[in-house]
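Below: one structure, written as structure tokens.
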Amino acid sequence: MTITVAGHKINVASFDEHFTCEQCDEIRTQIRKKFTPAEMTEELTKLSQKSTRTHNIINYYTRELLWDVKSEKYPLSMNDCLDSDDFLRHIKGQVDNDLYKISSNPKFSHFTLAQRMLQLLKLEGKNMRVAGNYPINSVKNVLSQHKGKNKVYYDYSCGWGNRLLGSMVSDFEYLGTDPNHKLVEKLKMMYNNFKQIKGSAKADIRCQGSEIVVPEWKNKVDIAFSSPPYFDLEDYQYGNQSIKDRNYTRWLEEYWKPTVINIKLYLKEDGLFLLNIKNTKEHALLDDMKKIAISCGFYYHYSDVLKTPTRPNVVARAGKISSDEEILVFSTLDVLDKSEATIKRLEEIEQAKIVDFNNRQKYYEEVYARHQEEIRIKKEYEDSLVTVDTNEWKKTIKSMKKYKKRKRVKAVPPSKQ
Ligand SMILES: C[S@@+](CC[C@H](N)C(=O)[O-])C[C@H]1O[C@@H](n2cnc3c(N)ncnc32)[C@H](O)[C@@H]1O
């Protein structure tokens with residue numbers, strides 16, 4: 001049969017016509033139930049200690065906005081489905097028909113009807129797909145490799161709050177931009193609440209696109225890292241979204257390029273720029289965004305793997321297949337030496353997509369040591385242009401070839417001075 005939901009006609013195979021309006025109301029109230037401030041604060045407190053659970057916090061602050069998101073291929077948002085009695089009757093019909101064994105699987109035996117229906121809504125994937133939240137563990141892992149005093153993290157597209165939370169528990173100062181005004185308001189509340197638990201927490205969240213510069217953030221940032229919009233894959237509904245009135249080419253030029261230029265301005269000399277992105281069927285997003293980063297003066301070093309749980313509807317239909325994504329790592333310094341060992345190591349990372357935090361820690365230590373050495377050599381070289389010792393000169397010239405090229409500094413041999 002055909003039902004109409006938020007103006008869209010959809011065909012459904014299951015439908016419980018006896019499910020009343022009152023029953024629909026009851027189900028949507030239960031599904032939308034918010035945790036109490038006390039339950040949310042308890043989870044915030046545990047998070048500030050060791051826990052990585054953020055379910056109640058996200059439920060309390062941003063879930064209703066996450067459920068407004070529409071995906072490009074699906075006409076409905078989760079909230080559209082919940083608002084419609086007929087859609088709920090359709091889902092109730094699926095429960096009765098035991099779709100995906102939600103009713104007969106002993107794993108779900110203790111579930112209430114509302115919980116079963118919520119499971120099926122999450123598995124829907126035909127007319128609606130619930131947007132994902134970035135895993136807090138990934139944020140913590142990334143930041144844990146760059147820990148230090150007074151470290152600053154810039155999240156160029158804030159999203160639903162897990163990156164803010166991950167930053168605050170990792171003792172980073174958080175700078176964030178997102179044009180979704182409703183979301184920014186909630187994130188600020190989340191920050192203020194966390195600050196009451198951990199007074200040292202610091203965040204500056206701006207309701208604006210990342211393409212607009214914030215002059216006071218210049219040279220402030222140690223690590224810029226986010227999961228920006230995947231062009232038109234999802235519609236976040238509120239504020240001056242990056243896709244507004246832009247085709248793909250304009251989106252790259254008018255949103256992504258200035259965003260990268262701003263990140264370059266905000267980063268300290270040895271700062272890192274990380275990007276979680278993937279190619280989509282329609283657009284080579286990863287390749288195009290990477291090219292722009294390189295054209296703006298970044299060096300691409302390697303990609304890490306972002307482990308993401310396969311979406312439940314994909315598992316249910318196609319079995320467990322990987323939906324892992326990449327995190328591309330850039331910096332403005334060509335910090336990677338050209339030794340065989342380093343090249344081999346990078347090839348290993350590239351091929352095997354190794355997620356081995358011990359080795360990665362070691363790798364970052366090597367990179368950091370090289371940064372320091374290069375800064376020292378650079379300084380030595382610049383000093384050597386004033387007073388030059390012939391022997392030292394030869395050594396300096398050898399080690400500084402690449403800086404000569406980049407900085408266009410003309411080296412003057414001592415004989416000609
Ligand atoms: C939610 S994230 C992408 C999804 C990702 N999986 C996540 O949860 O982090 C995308 C965010 O980019 C934001 N956004 C849209 N246009 C933007 C812009 N011009 N500058 C910065 N952020 C933008 C959206 O409002 C949304 O919150």
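Please note that chains go A, B, ... in the order of the structure tokens, that every chain numbers its residues from 1, and that ligands are numbered from 1 in the order shown.
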
Hey, what's within 10 Å of region 281-294 of chain A if we count only C-alpha atoms and toss same-chain stuff fewer than 2 positions away? As a ChimeraX atom specification, please?
-> /A:230-233,248-249,252-253,256-261,263-264,273,275-279,296-300,326-332

If we count only C-alpha atoms, what is near region 118-120 of chain A at a cut-off of 8 Å, once residues fewer than 5 positions away on the same chain are taken out, given as a PyMOL selection string?
-> chain A and resi 31+91+94-95+99+102

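Environment of ligand 1, defined as every protein or nucleic acid residue with an atom within 6 Å of it and counting only C-alpha atoms and all ligand atoms, comprises Gly132, Asn133, Tyr134, Tyr156, Ser157, Cys158, Gly159, Trp160, Thr177, Asp178, Pro179, Asn180, Gly209, Ser210, Ser227, Pro228, Pro229, Tyr236, Gln241 and Ser242 of chain A.
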
Export of the given selection (N, CA and C atoms) as a compact mmCIF listing (two decimals), in the first residue's frame:
# COMPACT_ATOMS: atom_id res chain seq x y z
N GLY A 132 25.08 9.59 11.38
CA GLY A 132 25.96 9.03 12.41
C GLY A 132 26.64 10.14 13.21
N ASN A 133 27.07 9.78 14.40
CA ASN A 133 27.87 10.72 15.20
C ASN A 133 29.31 10.24 15.17
N TYR A 134 30.24 11.17 15.21
CA TYR A 134 31.65 10.79 15.15
C TYR A 134 32.05 10.06 16.43
N TYR A 156 36.77 22.20 12.56
CA TYR A 156 36.19 23.14 11.61
C TYR A 156 34.72 22.88 11.28
N SER A 157 34.15 21.73 11.66
CA SER A 157 32.69 21.49 11.53
C SER A 157 32.25 20.71 12.77
N CYS A 158 31.73 21.41 13.74
CA CYS A 158 31.54 20.81 15.07
C CYS A 158 30.73 19.51 15.09
N GLY A 159 29.65 19.44 14.33
CA GLY A 159 28.82 18.22 14.40
C GLY A 159 28.13 18.07 15.74
N TRP A 160 27.86 16.83 16.13
CA TRP A 160 26.91 16.57 17.21
C TRP A 160 27.48 16.59 18.62
N THR A 177 33.79 25.73 14.68
CA THR A 177 32.89 26.52 13.83
C THR A 177 31.81 25.61 13.27
N ASP A 178 30.60 26.08 13.27
CA ASP A 178 29.50 25.35 12.63
C ASP A 178 28.37 26.36 12.39
N PRO A 179 27.81 26.39 11.18
CA PRO A 179 26.77 27.40 10.90
C PRO A 179 25.39 27.03 11.45
N ASN A 180 25.23 25.81 11.95
CA ASN A 180 23.91 25.38 12.47
C ASN A 180 23.69 26.04 13.84
N GLY A 209 30.37 29.65 9.23
CA GLY A 209 31.04 28.69 8.36
C GLY A 209 32.55 28.77 8.58
N SER A 210 33.23 27.66 8.33
CA SER A 210 34.69 27.63 8.49
C SER A 210 35.39 28.44 7.40
N SER A 227 35.31 16.27 10.57
CA SER A 227 34.59 15.46 9.59
C SER A 227 33.61 16.42 8.94
N PRO A 228 34.05 17.13 7.88
CA PRO A 228 33.20 18.18 7.31
C PRO A 228 32.03 17.59 6.53
N PRO A 229 31.13 18.44 6.04
CA PRO A 229 30.03 17.90 5.23
C PRO A 229 30.59 17.18 4.01
N TYR A 236 21.81 19.24 6.77
CA TYR A 236 21.73 19.47 8.23
C TYR A 236 20.65 20.48 8.59
N GLN A 241 24.38 26.65 5.56
CA GLN A 241 25.10 25.41 5.28
C GLN A 241 26.01 25.54 4.05
N SER A 242 27.10 24.80 4.05
CA SER A 242 28.10 24.92 2.97
C SER A 242 27.52 24.65 1.58

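Going from CA of Asp25 (chain A) to CA of Glu42 (chain A) covers 29.1 Å.
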
Identify, on the basis of only C-alpha atoms, every residue whose closest approach to Arg32 (chain A) does not exceed 10 Å; exclude the query and any residue fewer than 3 positions from it along the same chain; express the result as JSON, numbers by chain.
-> {"A": [27, 28, 29, 35, 59, 63, 64, 79, 82, 114, 118]}

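Closest approach to Asp86 (chain A) among A:Val12, A:Lys149, A:Leu164, A:Ser144: A:Val12, based on only C-alpha atoms.
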
Could you pull out all residues of region 128-320 of chain A with a DSSP call of helix (DSSP H, G or I) and give them as number ranges by chain?
-> A: 136-144, 162-169, 181-197, 215-217, 248-266, 285-295, 312-318

Taking only C-alpha atoms into account, produce a table as JSON lines in which each residue of region 69-172 of chain A with an atom at most 9 Å from an atom of region 17-21 of chain A appears once, together with its shortest atom pair and the distance in Å to one decimal, ordered by chain and rising number.
{"residue": "A:Asp85", "atom": "CA", "partner": "A:Cys21", "partner_atom": "CA", "distance": 6.5}
{"residue": "A:Asp86", "atom": "CA", "partner": "A:Glu17", "partner_atom": "CA", "distance": 8.4}
{"residue": "A:Leu88", "atom": "CA", "partner": "A:Phe19", "partner_atom": "CA", "distance": 8.5}
{"residue": "A:Arg89", "atom": "CA", "partner": "A:Phe19", "partner_atom": "CA", "distance": 6.0}
{"residue": "A:His90", "atom": "CA", "partner": "A:Glu17", "partner_atom": "CA", "distance": 8.4}
{"residue": "A:Lys92", "atom": "CA", "partner": "A:Phe19", "partner_atom": "CA", "distance": 7.7}
{"residue": "A:Gly93", "atom": "CA", "partner": "A:Glu17", "partner_atom": "CA", "distance": 8.4}

Take the residues from that selection and put them in a file with C-alpha atoms, as a PDB file, in the first residue's frame.
ATOM      1  CA  ASP A  85       1.138   8.003  12.453  1.00  0.00           C
ATOM      2  CA  ASP A  86       1.103   6.033   9.210  1.00  0.00           C
ATOM      3  CA  LEU A  88       4.633   4.270  12.801  1.00  0.00           C
ATOM      4  CA  ARG A  89       1.825   1.906  11.753  1.00  0.00           C
ATOM      5  CA  HIS A  90       4.124   0.678   8.977  1.00  0.00           C
ATOM      6  CA  LYS A  92       4.526  -1.633  13.891  1.00  0.00           C
ATOM      7  CA  GLY A  93       3.558  -3.921  10.978  1.00  0.00           C
TER       8      GLY A  93
END

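Using only C-alpha atoms, the protein and nucleic acid residues lying no more than 12 Å from Lys46 (chain A), apart from those fewer than 2 places from it along its own chain, are Glu39, Met40, Thr41, Glu42, Glu43, Leu44, Ser48, Gln49, Lys50, Ser51, Thr52, Arg53, Thr54, Asn56, Ile57, Leu165, Val169, Phe194, Ile197 and Lys198 of chain A.
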
Tell me, as a list of chain:residue names, which residues lie within 8 Å of region 138-142 of chain A, counting only C-alpha atoms; anything in the same chain fewer than 5 positions away does not count.
-> A:Asn162, A:Arg163, A:Gly166, A:Ser167, A:Ser170, A:Leu306, A:Lys307

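Computed from the coordinates, the CA of Ile223 (chain A) to CA of Glu269 (chain A) distance equals 10.8 Å.
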
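Of the residues under consideration (A:Asn262, A:Ala224, A:Glu72, A:Ile243), A:Asn262 shows the shortest atom-to-atom contact distance to Glu211 (chain A) when counting only C-alpha atoms.
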